[in-house]
Each structure stands twice: as C-alpha cells, then as structure tokens.
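> The structure under discussion is supplied below as structure tokens; questions concerning it will follow.
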Amino acid sequence: MLEIAVGAVSAVAVTFAGYCAMAPTSQFYGQTLVRGKNPRQLALTYDDGPNDPHTLRLLEVLAKHDVRATFFLIGRYVQQRPEIAREVALAGHALGNHTFSHPNLIFCSQTQTRIQLQECTRAIQDATGQTPKLFRPPFGGRRTSTLRIVRELGLTPVMWDVTGFDWNAHSSAAVEQKVMKETRGGSVILLHDGSHKQLGLDRSHTVAATDALLTRYKAEGYEFVTIAEMLGPGNARP
C-alpha cells in the first residue's frame, strides 16, 4: 500500500509540475508578466511572425486604428523576411524574442536555451537595428532555469491571460468570440500573425478579428498599449 501511495503522490507531483511549466498564468517557476494593472488598458500581442503576407496586412489594420502592438518574432523567419521585421519596427510596434526556431524550452538544455535566445536577438538586431527586451516562450513552456537565462540576457518574460485560439480557428468571428469571452481590463491578448510550422500560413482570420476587436474595445473606452508601455516607466520587469 505504501508503494501505491508513493507512486500516486509522485504521479500527482509530475502532473502538477508539467501543468505549471505550460500554464500561461502560473508563477510556479518564476514571475512573469501575465496581465497589466491598469483596468482601462489592453495589450495585443502576436506570435510566430514575421509572416508574408499577413503580418503586413495586420500592420495596415493596426495603423488604421492608430494602435501599437507587440510582436514576438521567430529568429529564423526574421532572417528569411527581414524587410517585414523592419516594417514592424518602423511602424512603432514593440519587438519581442520568441526564440530562433520555436522549440519547447522545457525539453532544451540550458546551453540550447541560451543559444536559441541569443540567435533570435541577433537576427532581430541585424534586421531592425533594435535589441528586443521582451521574451515569450514557445508554447508557454518554461522552467526555473529558463527564466533565469531569460533575465541574464536582459529579457523580460511575457505570458498572457487571453488567447484567441486563432491557430485552428475557422472564422474571424470564432477568434473574436474567444477573445471577448476572456478579456478584462489589463488583459494581455495572445494572437498569431504567423505559424511556427511554416512561412505563408493563412492568418486572415486573425487580421479580420483584430479589426473587429479594435473597433469594439476602443468604442468601449479601452486603450491599446504595447507590453513595454504596460510595464510602465523604465519598463521594470515583473
């Protein structure tokens, strides 16, 4: 019976640890930004770009609403589409590090993790002349050592509290409804302008949903800010 009990406890512990490594709002492995404190602010964030042509179409929508967002870029795509990364930067949006090739970092060694972050930062610097200060782990996966390396490299870890599940949505309305269901003041909203699987994946639903969400929430008096702005003066880390 003792062996059964010990095995059950071990299984629960492993399950809990795995959940905390992937759950976006968990702070078990270290502090991350999940949402802001200002109840009248929202932050739109986009992962997995740059992606031709949908990142550029998204920039047009954001410009129409005079809104700045935060783009977490994959380094290898930045190398392949540096002109799009430059357009994102020139439009005044915040740039974030999303690793070089989008691995799940809970399965990476510390050396591999450091290389992934450094190579992504280098790609963004080469393309835009900017050094990213923000980081989002692919799939949300992180461990204590992951976050330690992130901070050693001068990056602030950013998660989210709202997701549009746009990577498998069949319509912009579905993305919009998912976001509306979870959004509240201070929310960090996760959407995707690209895909970690390949360049050129269709993200038209995300573009259309962004237009609708901006129209709705701006009419309700919300201000859309970048993550850097949400962090406040000096962009202090969470």
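Numbering starts fresh at 1 for the residues of each chain in the structure tokens, the chains themselves are lettered A, B, ... in the order given, and ligands are numbered from 1 as they appear.
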Residues of region 31-54 of chain A that approach region 196-206 of chain A to 7 Å or less, counting only C-alpha atoms: could you list each one with the shortest pair of atoms and its distance in Å to one decimal, rows by chain and increasing residue number, as a Markdown table?


```
| residue | atom | partner | partner_atom | distance |
| --- | --- | --- | --- | --- |
| A:Asp48 | CA | A:His196 | CA | 5.6 |
| A:Asn51 | CA | A:Leu199 | CA | 5.7 |
| A:Asp52 | CA | A:Gly200 | CA | 5.4 |
| A:Pro53 | CA | A:Gly200 | CA | 6.9 |
| A:His54 | CA | A:Arg203 | CA | 6.0 |
```

> Can you pull out every residue within 9 Å of Lys178 (chain A), counting only C-alpha atoms, but drop anything in the same chain fewer than 4 positions away, and send it as a list of chain:residue names?

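Listing them by chain and then by number gives A:Val162, A:Thr163, A:Gly164, A:Phe165, A:Asp166, A:Ala173, A:Ala174, A:Glu182, A:Thr183.
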
> Per DSSP on the backbone, filter region 34-81 of chain A down to the residues in helix (DSSP H, G or I) and report them as a PDB file with N, CA and C atoms, in the first residue's frame.


```
ATOM      1  N   HIS A  54       0.601  38.150 -44.214  1.00  0.00           N
ATOM      2  CA  HIS A  54      -0.394  38.525 -43.202  1.00  0.00           C
ATOM      3  C   HIS A  54       0.137  39.484 -42.147  1.00  0.00           C
ATOM      4  N   THR A  55       1.435  39.460 -41.872  1.00  0.00           N
ATOM      5  CA  THR A  55       1.974  40.450 -40.941  1.00  0.00           C
ATOM      6  C   THR A  55       1.790  41.857 -41.514  1.00  0.00           C
ATOM      7  N   LEU A  56       2.042  42.021 -42.797  1.00  0.00           N
ATOM      8  CA  LEU A  56       1.882  43.324 -43.428  1.00  0.00           C
ATOM      9  C   LEU A  56       0.426  43.769 -43.437  1.00  0.00           C
ATOM     10  N   ARG A  57      -0.487  42.844 -43.671  1.00  0.00           N
ATOM     11  CA  ARG A  57      -1.915  43.183 -43.639  1.00  0.00           C
ATOM     12  C   ARG A  57      -2.343  43.572 -42.232  1.00  0.00           C
ATOM     13  N   LEU A  58      -1.778  42.905 -41.258  1.00  0.00           N
ATOM     14  CA  LEU A  58      -2.068  43.238 -39.874  1.00  0.00           C
ATOM     15  C   LEU A  58      -1.554  44.638 -39.539  1.00  0.00           C
ATOM     16  N   LEU A  59      -0.392  44.988 -40.038  1.00  0.00           N
ATOM     17  CA  LEU A  59       0.140  46.324 -39.821  1.00  0.00           C
ATOM     18  C   LEU A  59      -0.802  47.385 -40.385  1.00  0.00           C
ATOM     19  N   GLU A  60      -1.430  47.095 -41.498  1.00  0.00           N
ATOM     20  CA  GLU A  60      -2.382  48.043 -42.083  1.00  0.00           C
ATOM     21  C   GLU A  60      -3.588  48.246 -41.163  1.00  0.00           C
ATOM     22  N   VAL A  61      -4.088  47.165 -40.579  1.00  0.00           N
ATOM     23  CA  VAL A  61      -5.230  47.261 -39.669  1.00  0.00           C
ATOM     24  C   VAL A  61      -4.854  48.045 -38.415  1.00  0.00           C
ATOM     25  N   LEU A  62      -3.715  47.740 -37.853  1.00  0.00           N
ATOM     26  CA  LEU A  62      -3.275  48.448 -36.647  1.00  0.00           C
ATOM     27  C   LEU A  62      -3.070  49.935 -36.935  1.00  0.00           C
ATOM     28  N   ALA A  63      -2.524  50.259 -38.105  1.00  0.00           N
ATOM     29  CA  ALA A  63      -2.322  51.656 -38.470  1.00  0.00           C
ATOM     30  C   ALA A  63      -3.657  52.375 -38.638  1.00  0.00           C
ATOM     31  N   LYS A  64      -4.630  51.687 -39.193  1.00  0.00           N
ATOM     32  CA  LYS A  64      -5.953  52.289 -39.376  1.00  0.00           C
ATOM     33  C   LYS A  64      -6.557  52.720 -38.051  1.00  0.00           C
ATOM     34  N   GLY A  75      13.318  33.939 -34.838  1.00  0.00           N
ATOM     35  CA  GLY A  75      14.551  34.395 -35.445  1.00  0.00           C
ATOM     36  C   GLY A  75      14.777  33.903 -36.864  1.00  0.00           C
ATOM     37  N   ARG A  76      14.483  32.643 -37.138  1.00  0.00           N
ATOM     38  CA  ARG A  76      14.765  32.114 -38.482  1.00  0.00           C
ATOM     39  C   ARG A  76      13.849  32.749 -39.531  1.00  0.00           C
ATOM     40  N   TYR A  77      12.644  33.155 -39.121  1.00  0.00           N
ATOM     41  CA  TYR A  77      11.766  33.851 -40.055  1.00  0.00           C
ATOM     42  C   TYR A  77      12.216  35.293 -40.260  1.00  0.00           C
ATOM     43  N   VAL A  78      12.768  35.893 -39.211  1.00  0.00           N
ATOM     44  CA  VAL A  78      13.327  37.239 -39.354  1.00  0.00           C
ATOM     45  C   VAL A  78      14.463  37.219 -40.379  1.00  0.00           C
ATOM     46  N   GLN A  79      15.272  36.178 -40.329  1.00  0.00           N
ATOM     47  CA  GLN A  79      16.363  36.056 -41.308  1.00  0.00           C
ATOM     48  C   GLN A  79      15.829  35.891 -42.729  1.00  0.00           C
ATOM     49  N   GLN A  80      14.698  35.202 -42.862  1.00  0.00           N
ATOM     50  CA  GLN A  80      14.138  34.969 -44.190  1.00  0.00           C
ATOM     51  C   GLN A  80      13.312  36.144 -44.709  1.00  0.00           C
TER      52      GLN A  80
END
```

> Pick from A:Ser187, A:Asp126, A:His192, A:Phe107: nearest to Val175 (chain A), with only C-alpha atoms counted?

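Checking each candidate against Val175 (chain A), we get A:His192 as the closest.
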
> Enumerate as a VMD selection string all residues of region 90-154 of chain A assigned to strand (DSSP E) by DSSP on the backbone, naming them with the chain letters and numbers the document uses.

chain A and resid 94 to 97 134 to 135

> Store the residues picked out above, limited to C-alpha atoms, as a CSV table (one decimal), in the first residue's frame.


```csv
chain,number,residue,atom,x,y,z
A,94,ALA,CA,7.3,46.6,-29.8
A,95,LEU,CA,9.6,43.7,-30.8
A,96,GLY,CA,10.0,40.5,-28.7
A,97,ASN,CA,12.2,37.4,-28.8
A,134,LEU,CA,10.8,41.2,-24.2
A,135,PHE,CA,10.6,37.4,-24.4
```
